[in-house]
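The structure file target_35.txt is reproduced below (compact mmCIF, C-alpha atoms).
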# COMPACT_ATOMS: atom_id res chain seq x y z
CA MET Z 1 0.00 0.00 0.00
CA LYS Z 2 1.32 3.47 -0.99
CA GLN Z 3 1.80 6.01 1.84
CA LEU Z 4 0.02 9.35 1.24
CA PHE Z 5 2.11 11.31 3.82
CA LYS Z 6 5.62 10.83 4.93
CA SER Z 7 5.25 9.82 8.55
CA GLU Z 8 8.20 12.05 9.56
CA GLY Z 9 6.71 15.17 7.90
CA PHE Z 10 3.36 14.43 9.45
CA GLN Z 11 4.98 14.20 12.83
CA TYR Z 12 6.66 17.61 12.39
CA ALA Z 13 3.30 19.13 11.44
CA ILE Z 14 1.72 17.60 14.52
CA TYR Z 15 4.48 19.01 16.74
CA ALA Z 16 4.14 22.44 15.11
CA LEU Z 17 0.37 22.42 15.52
CA GLY Z 18 0.83 21.30 19.09
CA ALA Z 19 3.16 24.24 19.73
CA VAL Z 20 0.63 26.62 18.18
CA ALA Z 21 -2.15 25.14 20.30
CA VAL Z 22 -0.06 25.52 23.48
CA VAL Z 23 0.71 29.15 22.65
CA LYS Z 24 -2.92 29.87 21.88
CA LEU Z 25 -3.95 28.31 25.18
CA LEU Z 26 -1.29 30.28 27.02
CA TRP Z 27 -2.44 33.56 25.54
CA PHE Z 28 -6.04 32.67 26.25
CA ILE Z 29 -5.28 32.13 29.94
CA VAL Z 30 -3.15 35.27 30.14
CA THR Z 31 -5.88 37.31 28.44
CA LEU Z 32 -8.52 35.93 30.74
CA ILE Z 33 -6.58 36.51 33.95
CA LEU Z 34 -4.27 39.45 33.37
CA LEU Z 35 -5.22 41.62 30.45
CA PRO Z 36 -7.79 44.41 30.62
CA SER Z 37 -10.57 44.36 28.06
CA THR Z 38 -11.14 48.10 27.79
CA THR Z 39 -9.07 51.02 26.67
CA GLN Z 40 -8.32 54.09 28.78
CA GLU Z 41 -10.21 57.20 27.83
CA LEU Z 42 -10.01 60.68 29.20
CA GLU Z 43 -12.94 61.34 31.50
CA SER Z 44 -15.78 63.27 29.98
CA GLN Z 45 -15.54 67.00 30.37
CA GLY Z 46 -19.29 67.41 30.25
CA ASP Z 47 -19.54 68.64 33.80
CA ILE Z 48 -17.16 71.52 33.26
CA LYS Z 49 -18.73 74.77 34.32
CA PRO Z 50 -18.11 78.12 32.65
CA LEU Z 51 -14.86 79.67 33.78
CA TYR Z 52 -16.32 82.59 35.64
CA TYR Z 53 -19.65 83.30 37.06
CA ARG Z 54 -21.04 84.95 40.08
CA LEU Z 55 -24.68 84.37 39.33
CA SER Z 56 -25.86 81.26 37.59
CA LEU Z 57 -29.23 81.97 36.01
CA ALA Z 58 -29.30 78.71 34.10
CA LYS Z 59 -31.09 75.69 35.50
CA LYS Z 60 -28.90 72.74 36.29
CA ASP Z 61 -29.36 69.63 34.15
CA GLY Z 62 -32.12 67.42 35.42
CA GLU Z 63 -33.48 70.02 37.76
CA ALA Z 64 -37.21 70.31 37.34
CA ILE Z 65 -38.38 73.72 36.31
CA LYS Z 66 -41.09 74.75 38.71
CA PRO Z 67 -43.20 77.78 37.93
CA LYS Z 68 -42.32 80.45 40.41
CA PRO Z 69 -45.24 81.76 42.36
CA LYS Z 70 -45.81 85.38 41.56
CA PRO Z 71 -44.96 87.51 44.55
CA VAL Z 72 -47.94 89.27 45.96
CA THR Z 73 -47.04 92.86 46.56
CA LYS Z 74 -49.11 95.35 48.39
CA LYS Z 75 -49.27 98.60 46.55
CA SER Z 76 -48.53 101.34 48.99
CA ALA Z 77 -49.18 104.96 48.31
CA THR Z 78 -45.99 106.76 47.24
CA PRO Z 79 -45.44 110.08 48.99
CA ILE Z 80 -44.22 113.04 46.93
CA SER Z 81 -41.06 113.01 49.04
CA ALA Z 82 -40.12 109.72 47.33
CA LEU Z 83 -39.61 111.68 44.12
CA VAL Z 84 -36.44 113.69 43.42
CA LEU Z 85 -36.55 116.48 40.90
CA LEU Z 86 -33.53 116.23 38.60
CA GLY Z 87 -34.31 118.66 35.78
CA ILE Z 88 -36.89 120.99 34.25
CA TYR Z 89 -37.29 122.14 30.65
CA LYS Z 90 -39.94 124.80 30.08
CA SER Z 91 -40.83 126.76 26.99
CA SER Z 92 -44.00 128.63 26.03
CA ASP Z 93 -45.83 125.47 24.98
CA THR Z 94 -43.78 122.62 26.50
CA VAL Z 95 -43.12 121.45 30.04
CA VAL Z 96 -40.80 118.48 30.58
CA VAL Z 97 -39.38 117.38 33.94
CA THR Z 98 -37.02 114.61 34.94
CA VAL Z 99 -37.69 112.90 38.24
CA GLN Z 100 -36.03 110.08 40.05
CA LYS Z 101 -37.86 107.47 42.05
CA GLY Z 102 -35.53 105.07 43.81
CA SER Z 103 -32.91 104.24 41.21
CA LYS Z 104 -35.24 104.79 38.27
CA THR Z 105 -35.23 108.06 36.35
CA THR Z 106 -38.36 109.10 34.44
CA VAL Z 107 -38.94 111.94 32.00
CA LEU Z 108 -42.46 113.35 32.18
CA SER Z 109 -44.29 115.70 29.85
CA LYS Z 110 -47.21 117.84 30.97
CA GLY Z 111 -50.19 115.58 31.74
CA GLU Z 112 -48.09 112.43 32.29
CA ALA Z 113 -48.05 110.74 35.68
CA ILE Z 114 -45.68 108.90 37.98
CA SER Z 115 -46.99 106.94 40.96
CA GLY Z 116 -50.31 108.70 40.53
CA PHE Z 117 -48.77 112.19 40.54
CA THR Z 118 -49.72 113.96 37.30
CA LEU Z 119 -47.46 116.73 36.05
CA VAL Z 120 -49.50 119.91 35.84
CA ASP Z 121 -46.99 122.69 35.36
CA ALA Z 122 -43.48 123.83 36.26
CA THR Z 123 -41.39 126.92 36.85
CA ARG Z 124 -37.61 127.14 36.62
CA LYS Z 125 -37.26 125.98 40.23
CA GLU Z 126 -40.20 123.68 40.91
CA ALA Z 127 -42.66 121.26 39.34
CA PHE Z 128 -46.36 121.04 40.19
CA PHE Z 129 -48.19 117.76 40.44
CA GLU Z 130 -51.75 116.80 41.10
CA LYS Z 131 -53.02 113.62 42.78
CA ASN Z 132 -56.55 112.80 43.87
CA GLY Z 133 -57.58 116.43 43.60
CA LYS Z 134 -54.66 117.63 45.75
CA ASN Z 135 -51.75 119.76 44.52
CA TYR Z 136 -48.13 118.96 45.27
CA THR Z 137 -44.95 120.93 44.63
CA LEU Z 138 -41.61 119.28 43.96
CA LYS Z 139 -38.49 121.42 44.33
CA PHE Z 140 -34.83 120.86 43.54
CA LYS Z 141 -32.87 119.65 46.49
CA LYS Z 142 -30.42 122.42 47.21
CA LYS Z 143 -27.51 120.76 48.94
CA LYS Z 144 -27.56 117.17 47.84
CA ARG Z 145 -26.63 116.69 44.27
CA SER Z 146 -27.40 113.42 42.69
CA ALA Z 147 -24.49 111.09 42.24
CA ALA Z 148 -25.11 111.08 38.53
CA ALA Z 149 -24.89 114.83 38.36
CA LYS Z 150 -21.73 114.82 40.44
CA SER Z 151 -20.07 112.29 38.27
CA MET Z 152 -21.13 114.19 35.17
CA ILE Z 153 -19.45 117.30 36.45
CA SER Z 154 -16.35 115.46 37.53
CA THR Z 155 -16.13 113.72 34.17
CA VAL Z 156 -16.17 117.03 32.41
CA LYS Z 157 -13.71 118.72 34.70
CA THR Z 158 -11.24 115.92 35.40
CA PRO Z 159 -8.49 115.72 32.82
CA GLN Z 160 -8.03 112.30 31.23
CA LYS Z 161 -6.03 109.92 33.35
CA GLU Z 162 -2.66 108.88 32.04
CA GLU Z 163 -2.17 105.18 31.45
CA PRO Z 164 -0.24 103.88 34.48
CA LYS Z 165 3.12 102.38 33.68
CA ALA Z 166 3.09 99.69 36.38
CA ASP Z 167 1.88 96.19 35.46
CA ILE Z 168 -0.47 96.22 38.43
CA TYR Z 169 -1.98 99.39 39.83
CA GLU Z 170 -4.90 100.44 41.97
CA ASP Z 171 -7.84 102.25 40.43
CA ASP Z 172 -10.64 103.32 42.78
CA GLY Z 173 -9.60 100.63 45.24
CA ILE Z 174 -9.58 97.88 42.62
CA LYS Z 175 -6.35 96.18 41.66
CA VAL Z 176 -5.96 96.42 37.91
CA VAL Z 177 -3.66 94.02 36.09
CA LYS Z 178 -2.38 95.03 32.69
CA ARG Z 179 -3.25 92.53 30.01
CA ASP Z 180 0.25 93.01 28.57
CA MET Z 181 1.74 91.38 31.65
CA ILE Z 182 -0.47 88.34 31.20
CA GLN Z 183 0.31 88.17 27.51
CA ASP Z 184 4.04 88.30 28.27
CA TYR Z 185 3.63 85.29 30.54
CA MET Z 186 1.61 83.49 27.87
CA LYS Z 187 4.34 84.11 25.31
CA LYS Z 188 7.06 82.87 27.64
CA PRO Z 189 5.49 80.17 29.82
CA LYS Z 190 8.93 79.25 31.13
CA ASP Z 191 8.99 82.59 32.94
CA ILE Z 192 5.97 81.51 34.95
CA TRP Z 193 7.95 78.70 36.53
CA LYS Z 194 10.89 81.04 37.15
CA ASP Z 195 8.62 83.44 38.99
CA ILE Z 196 6.42 81.03 40.91
CA GLY Z 197 6.63 77.46 42.09
CA ILE Z 198 3.52 75.49 42.85
CA SER Z 199 2.80 71.94 43.87
CA GLU Z 200 -0.45 70.11 44.23
CA ILE Z 201 -2.01 69.28 47.58
CA LYS Z 202 -3.69 65.92 47.65
CA ASN Z 203 -6.24 64.42 49.93
CA GLY Z 204 -5.82 60.76 49.04
CA LYS Z 205 -6.05 60.73 45.27
CA ASP Z 206 -7.96 64.00 44.98
CA ILE Z 207 -6.31 67.35 44.43
CA THR Z 208 -7.61 69.96 46.86
CA GLY Z 209 -5.52 72.94 45.78
CA PHE Z 210 -2.08 74.14 44.76
CA ARG Z 211 0.49 75.33 47.30
CA VAL Z 212 2.77 78.23 46.40
CA ARG Z 213 6.29 77.04 47.12
CA PHE Z 214 8.04 80.29 46.16
CA VAL Z 215 7.36 83.63 44.56
CA ARG Z 216 10.24 85.51 42.95
CA LYS Z 217 10.78 89.01 44.26
CA ASP Z 218 9.42 91.80 42.02
CA SER Z 219 7.74 89.27 39.78
CA GLY Z 220 4.20 89.68 38.49
CA PHE Z 221 2.99 87.10 40.98
CA GLU Z 222 4.44 89.01 43.94
CA LYS Z 223 2.70 92.15 42.67
CA LEU Z 224 -0.54 90.20 42.55
CA GLY Z 225 -0.15 89.71 46.28
CA ILE Z 226 0.52 85.99 46.19
CA LYS Z 227 2.79 84.82 48.99
CA ARG Z 228 4.83 81.74 49.71
CA GLY Z 229 2.72 79.17 51.54
CA ASP Z 230 -0.57 80.36 50.06
CA ILE Z 231 -2.86 77.63 48.85
CA ILE Z 232 -4.68 78.50 45.64
CA LEU Z 233 -8.11 76.90 45.93
CA ALA Z 234 -10.08 78.42 43.06
CA ILE Z 235 -9.80 80.75 40.12
CA ASN Z 236 -12.88 82.79 39.28
CA GLY Z 237 -15.03 80.62 41.46
CA GLU Z 238 -13.89 77.38 39.84
CA ARG Z 239 -12.31 74.97 42.31
CA LEU Z 240 -8.94 73.69 41.20
CA ASP Z 241 -9.29 69.99 41.84
CA SER Z 242 -7.30 68.74 38.88
CA TYR Z 243 -4.45 69.80 36.64
CA GLN Z 244 -7.04 70.05 33.90
CA ASP Z 245 -8.87 72.77 35.86
CA ALA Z 246 -5.65 74.66 36.42
CA PHE Z 247 -4.72 74.36 32.77
CA SER Z 248 -8.10 75.49 31.47
CA ALA Z 249 -7.85 78.53 33.74
CA TYR Z 250 -4.41 79.19 32.26
CA LYS Z 251 -5.73 78.80 28.72
CA ASN Z 252 -8.69 81.15 29.29
CA ILE Z 253 -6.86 83.81 31.21
CA GLN Z 254 -6.21 85.90 28.10
CA THR Z 255 -9.91 86.40 27.44
CA ILE Z 256 -11.23 87.18 30.91
CA GLU Z 257 -11.78 90.66 32.29
CA ASN Z 258 -12.02 89.86 35.98
CA LEU Z 259 -9.86 87.57 38.00
CA THR Z 260 -10.65 86.28 41.46
CA LEU Z 261 -8.19 84.04 43.21
CA THR Z 262 -9.51 82.16 46.20
CA ILE Z 263 -6.61 81.39 48.45
CA LYS Z 264 -6.02 79.97 51.87
CA ARG Z 265 -3.49 81.92 53.90
CA LYS Z 266 -2.70 80.99 57.49
CA ASN Z 267 -5.80 78.77 57.59
CA GLN Z 268 -8.00 81.65 56.46
CA GLU Z 269 -9.77 81.59 53.15
CA MET Z 270 -9.70 84.89 51.27
CA GLU Z 271 -10.31 86.26 47.82
CA LEU Z 272 -7.96 88.40 45.77
CA ASP Z 273 -9.86 90.37 43.14
CA TYR Z 274 -8.36 91.92 40.04
CA GLU Z 275 -9.60 93.64 36.94
CA ILE Z 276 -7.69 92.89 33.76
CA LYS Z 277 -7.35 95.78 31.33
CA MET H 1 15.07 14.72 17.62
CA VAL H 2 17.05 17.97 17.54
CA LYS H 3 15.23 18.91 14.37
CA LYS H 4 11.87 18.34 16.07
CA ILE H 5 12.85 20.48 19.05
CA LEU H 6 14.10 23.19 16.74
CA ILE H 7 10.84 23.19 14.79
CA VAL H 8 8.82 23.38 17.98
CA ILE H 9 10.92 26.29 19.27
CA VAL H 10 10.65 28.26 16.01
CA VAL H 11 6.91 27.65 15.70
CA PHE H 12 6.38 28.44 19.38
CA PHE H 13 8.33 31.70 19.05
CA PHE H 14 6.49 32.97 15.99
CA SER H 15 3.13 31.80 17.35
CA LEU H 16 3.88 33.74 20.50
CA ILE H 17 4.22 36.94 18.46
CA ILE H 18 1.55 36.34 15.85
CA LEU H 19 -1.11 34.98 18.18
CA ALA H 20 -0.50 37.52 20.92
CA PRO H 21 -3.64 39.47 21.95
CA LYS H 22 -1.96 42.70 20.87
CA GLU H 23 -4.91 44.97 21.48
CA ARG H 24 -5.31 43.63 25.00
CA LEU H 25 -1.58 44.05 25.62
CA PHE H 26 -1.88 47.63 24.44
CA PHE H 27 -4.74 48.16 26.89
CA LEU H 28 -2.46 46.80 29.63
CA ALA H 29 0.25 49.28 28.61
CA GLU H 30 -2.39 52.02 28.68
CA ASP H 31 -3.38 50.93 32.19
CA LYS H 32 0.23 51.27 33.35
CA LEU H 33 0.54 54.70 31.70
CA ALA H 34 -2.75 55.78 33.26
CA GLN H 35 -1.25 55.12 36.70
CA ASN H 36 1.14 57.97 35.85
CA GLU H 37 -1.80 60.03 34.52
CA ILE H 38 -0.75 59.58 30.89
CA ILE H 39 -3.74 58.71 28.73
CA ILE H 40 -4.11 58.07 25.02
CA SER H 41 -7.72 58.76 24.05
CA ASN H 42 -9.95 58.37 21.00
CA GLU H 43 -7.42 56.13 19.29
CA VAL H 44 -8.22 53.49 16.68
CA VAL H 45 -6.26 50.30 17.36
CA ASN H 46 -5.58 47.72 14.65
CA SER H 47 -3.53 44.57 15.06
CA THR H 48 -0.93 43.71 12.46
CA LEU H 49 0.99 40.48 12.04
CA MET H 50 3.90 41.54 14.21
CA GLY H 51 2.50 44.50 16.05
CA LEU H 52 -0.09 47.21 16.26
CA ASN H 53 -1.14 50.24 14.33
CA ILE H 54 -2.70 53.04 16.34
CA SER H 55 -4.15 56.09 14.69
CA ASN H 56 -5.68 59.42 15.66
CA GLY H 57 -4.81 59.27 19.34
CA GLU H 58 -4.88 62.22 21.69
CA LEU H 59 -2.21 62.26 24.34
CA THR H 60 -3.07 63.81 27.69
CA LEU H 61 -0.88 64.23 30.71
CA LYS H 62 -2.64 64.77 34.05
CA GLY H 63 -5.80 65.65 32.14
CA ILE H 64 -4.02 68.25 30.03
CA SER H 65 -4.04 67.74 26.29
CA VAL H 66 -0.43 67.55 25.16
CA ALA H 67 -0.45 66.31 21.58
CA LYS H 68 -2.33 64.59 18.83
CA ILE H 69 -0.80 61.54 17.21
CA GLU H 70 -1.70 60.70 13.66
CA THR H 71 -0.18 57.23 13.50
CA MET H 72 1.81 55.02 15.79
CA ASP H 73 3.27 51.73 14.62
CA ILE H 74 4.40 49.26 17.24
CA PHE H 75 6.50 46.36 16.03
CA SER H 76 8.02 43.61 18.10
CA ILE H 77 9.82 40.34 17.59
CA LEU H 78 10.70 40.18 21.29
CA PHE H 79 14.46 40.63 20.88
CA TYR H 80 13.90 43.77 18.83
CA SER H 81 11.02 46.21 19.24
CA SER H 82 10.29 49.59 17.77
CA ILE H 83 7.68 52.32 18.01
CA ASP H 84 7.35 54.75 15.10
CA ILE H 85 5.18 57.75 15.79
CA GLU H 86 4.35 59.93 12.82
CA ASN H 87 2.89 63.42 12.72
CA VAL H 88 2.80 64.33 16.35
CA ILE H 89 1.01 67.66 16.56
CA LEU H 90 1.75 69.43 19.81
CA ASP H 91 -0.98 71.33 21.58
CA GLU H 92 -0.55 75.08 21.28
CA ALA H 93 0.03 75.51 25.00
CA SER H 94 2.72 72.80 24.99
CA ARG H 95 4.64 74.64 22.29
CA GLY H 96 5.77 77.09 24.94
CA MET H 97 7.90 74.26 26.36
CA ILE H 98 8.84 72.50 23.13
CA PRO H 99 8.81 74.86 20.16
CA LEU H 100 7.82 72.23 17.60
CA SER H 101 4.44 72.15 15.97
CA GLU H 102 4.81 68.82 14.22
CA PHE H 103 7.39 66.07 14.41
CA ASN H 104 8.05 62.36 14.02
CA LEU H 105 9.48 60.19 16.74
CA SER H 106 11.06 56.79 16.58
CA LEU H 107 12.00 54.58 19.53
CA SER H 108 13.72 51.21 19.34
CA HIS H 109 14.91 48.62 21.80
CA SER H 110 17.19 45.67 21.32
CA VAL H 111 18.11 42.85 23.70
CA LEU H 112 21.74 43.57 22.90
CA SER H 113 21.50 46.70 25.06
CA PRO H 114 18.59 45.93 27.35
CA LYS H 115 18.96 49.03 29.52
CA SER H 116 18.73 51.59 26.76
CA LEU H 117 16.46 52.89 24.04
CA ALA H 118 17.45 54.56 20.79
CA LEU H 119 15.47 57.67 19.94
CA VAL H 120 15.25 59.61 16.68
CA LEU H 121 13.32 62.88 16.55
CA GLU H 122 12.60 64.40 13.15
CA HIS H 123 11.31 67.94 12.89
CA GLY H 124 11.36 69.88 9.65
CA SER H 125 14.64 69.03 7.99
CA ASN H 126 16.39 68.39 11.30
CA GLU H 127 17.02 65.09 12.97
CA VAL H 128 18.08 64.54 16.55
CA GLU H 129 19.48 61.18 17.56
CA ALA H 130 19.55 60.34 21.22
CA LYS H 131 20.01 57.44 23.59
CA ILE H 132 17.84 56.94 26.63
CA LYS H 133 19.75 55.05 29.28
CA PHE H 134 18.14 53.56 32.37
CA LEU H 135 20.74 53.92 35.09
CA ASP H 136 20.80 52.47 38.56
CA GLU H 137 18.78 54.06 41.38
CA GLY H 138 15.89 54.83 39.04
CA LYS H 139 17.77 57.47 37.07
CA VAL H 140 17.22 58.13 33.38
CA ARG H 141 19.84 59.79 31.22
CA ILE H 142 19.15 61.08 27.72
CA GLU H 143 22.27 61.60 25.66
CA VAL H 144 22.07 63.64 22.49
CA ASP H 145 24.66 63.04 19.76
CA ASP H 146 24.41 66.31 17.87
CA ILE H 147 22.35 69.14 19.27
CA ASN H 148 23.34 71.87 16.82
CA GLY H 149 20.28 71.60 14.61
CA SER H 150 17.98 71.85 17.62
CA SER H 151 19.31 74.63 19.80
CA TRP H 152 15.96 74.85 21.63
CA LEU H 153 17.05 71.72 23.48
CA LYS H 154 20.11 73.39 25.00
CA PRO H 155 18.39 75.23 27.89
CA MET H 156 16.96 71.91 29.09
CA MET H 157 20.25 70.01 28.89
CA GLN H 158 23.63 69.88 30.52
CA LYS H 159 27.02 69.30 28.96
CA ASP H 160 29.98 67.15 29.95
CA GLU H 161 33.00 65.74 28.12
CA ASN H 162 30.80 63.19 26.31
CA GLY H 163 28.35 65.75 25.03
CA TRP H 164 24.90 67.04 25.89
CA TYR H 165 22.70 65.11 28.31
CA TYR H 166 19.58 65.35 30.42
CA GLU H 167 19.26 63.38 33.61
CA THR H 168 16.26 62.86 35.81
CA ALA H 169 14.98 60.43 38.41
CA ILE H 170 11.82 58.44 37.87
Starting from the file, give its structure as C-alpha cells.
Amino acid sequence: MKQLFKSEGFQYAIYALGAVAVVKLLWFIVTLILLPSTTQELESQGDIKPLYYRLSLAKKDGEAIKPKPKPVTKKSATPISALVLLGIYKSSDTVVVTVQKGSKTTVLSKGEAISGFTLVDATRKEAFFEKNGKNYTLKFKKKKRSAAAKSMISTVKTPQKEEPKADIYEDDGIKVVKRDMIQDYMKKPKDIWKDIGISEIKNGKDITGFRVRFVRKDSGFEKLGIKRGDIILAINGERLDSYQDAFSAYKNIQTIENLTLTIKRKNQEMELDYEIK
Amino acid sequence: MVKKILIVIVVFFFSLIILAPKERLFFLAEDKLAQNEIIISNEVVNSTLMGLNISNGELTLKGISVAKIETMDIFSILFYSSIDIENVILDEASRGMIPLSEFNLSLSHSVLSPKSLALVLEHGSNEVEAKIKFLDEGKVRIEVDDINGSSWLKPMMQKDENGWYYETAI
C-alpha cells in the first residue's frame, strides 16, 4: 500500500500544531486573567462649568423647572417726598421734567403721571403735580446733588487719566492688572515657573488645591499679592481639583476681564480680586 | 530529535508573536501609563501580524491635552522592538515648552543593550538622535549626539565631556 504522507513530515506538522495550540492556550489564559478588556479614555468634560460666574441663572441639568409663584405685593401709596426732581425744561408750549424714584429716572411731559402724581406745570425751580384732587410741589434739592450729576461734572472737569506704567496698579480701590503682563507670561510660559513654584495638595487621590512654594521678588505674581505658603483653591469661582482645571484657567486667562483668586493663607480663606485691562 | 525540538521552538516563538492578543496588551500598557496620569484617548487600534497600528490618538498628561498623534506603529519580535510615531502635533500651550508644531518620533529597543532605548526625533529638515539610558537608582539619562540643529534643546540640557545630556529620576 502506498503512503500518502511521509510519517516524519506528518509528525513535524503535529508538533508544530501542538506548539501553536499551546501558545494559543497560554495567551487565552493570560488574556482571561491578566489583560484588561477596555481602553483608557479621558474622563468626559461634560460637567465643566463656565470659567467665571457669580450668578448662575441657568437651571442645572435634570433640575425640574417649577413655575415660580408670583410675589404678591401690596401697593402702597408713594409720597411726593419719594420723588427727586432732577431737571426741568420749560418753553412757552412745552413742560418736561425729569424725576427720580428710587434708582429709576423718568422723563415726564405735561399731563403724564408717575406713581399717581400727574405733572401739571413747572417753573424754573419747581414742578407742580396733582393727585386725587390735591396739589403737590416738587423742588430741587439744594444741597444734595445726585451722584449722577456729580459724576457728570467730575467727568467734564477731570483731565483724562494717564495710562499707568506699572503692570499692576490700583484704580478706585480695585487692583488692575495690565493685560500686557499676562500676555508676556503666555508668550514665555517658562517665565511663569521662574517666577512662581507650585505643587499640588492631595487628599488621598484628589487634588484639593495648589500650594505656592516660592514667589520671585518683584515678579508679576508678587505684585498680585501671592505669597509663599498660600494655597490656591479656586480661580474665578472654579475649584482647582485637577491639573485640567488649572490648565483650562491658564488657557482662558487671556480672554477674561475679571480675575478672582480664592486662596487659603494661614488657615484663612480669602479672595484676591483683580480687573484685567 | 534535535530537528523536532528546533521546529517546535521556532513555531512556538512565531506563534507567540503572531497569536498575541496585541490589542489587550496595548490596553495593559495604557493601564500602566494611566497610573502615571498619561492617557491616550480616542485612538483606533488595529492589530498587524507583528505588532499594532494606532491612529488618531490624543495624548493627555494629568488631564491636560499635550499632543495629537496621527499614526503610531508598534513592532516587536521580542528581541527587537520599535515604536514609530508619525505626525505628532503638539498642543498650542505645549509649544511654549517645546517649540515644535509637528514632528516624528522613533524609539527602538534591542536585547543587545537591554537598559537603553534609541530615539530619533525628526522635525522639519532636522534630525536629533539620542540614547535613553536607564541607570541604577531609578535614574534616566538622555544623551544627544548632535544638538546643533535643535538649539531649543540646549536650555533643558547639561554638557559634559561626552556631550549634551539630560538626567532625571523616575
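Residues from chain Z found within 8 Å of chain H are Tyr12, Tyr15, Ala16, Ala19, Val20, Val23, Lys24, Trp27, Thr31, Leu35, Pro36, Ser37, Thr38, Thr39, Gln40, Glu41, Leu42, Lys187, Lys188, Pro189, Lys190, Ser242, Tyr243, Gln244, Phe247 and Lys251 of chain Z, counting all atoms listed in the file.
Across the structure, atom CA of Ile80 of chain Z and atom CA of Leu138 of chain Z are spaced 7.4 Å apart.
When atom CA of Ile54 of chain H is paired with atom CA of Ile83 of chain H, their separation reads 10.5 Å.
The space separating atom CA of Ile263 of chain Z from atom CA of Asp184 of chain Z comes to 23.8 Å.
Here the question is which of H:Ala67, H:Lys133, H:Pro99, H:Gly51 gets nearest to Asp84 of chain H using only C-alpha atoms, and that residue is H:Gly51.
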Take every atom of segment 19-31 of chain H listed in the file, pad by 8 Å on each side, and give me the axis-aligned box centre and edge lengths in Å, one decimal, as AutoDock Vina command-line options.
--center_x -2.5 --center_y 43.5 --center_z 25.2 --size_x 21.6 --size_y 33.0 --size_z 30.0
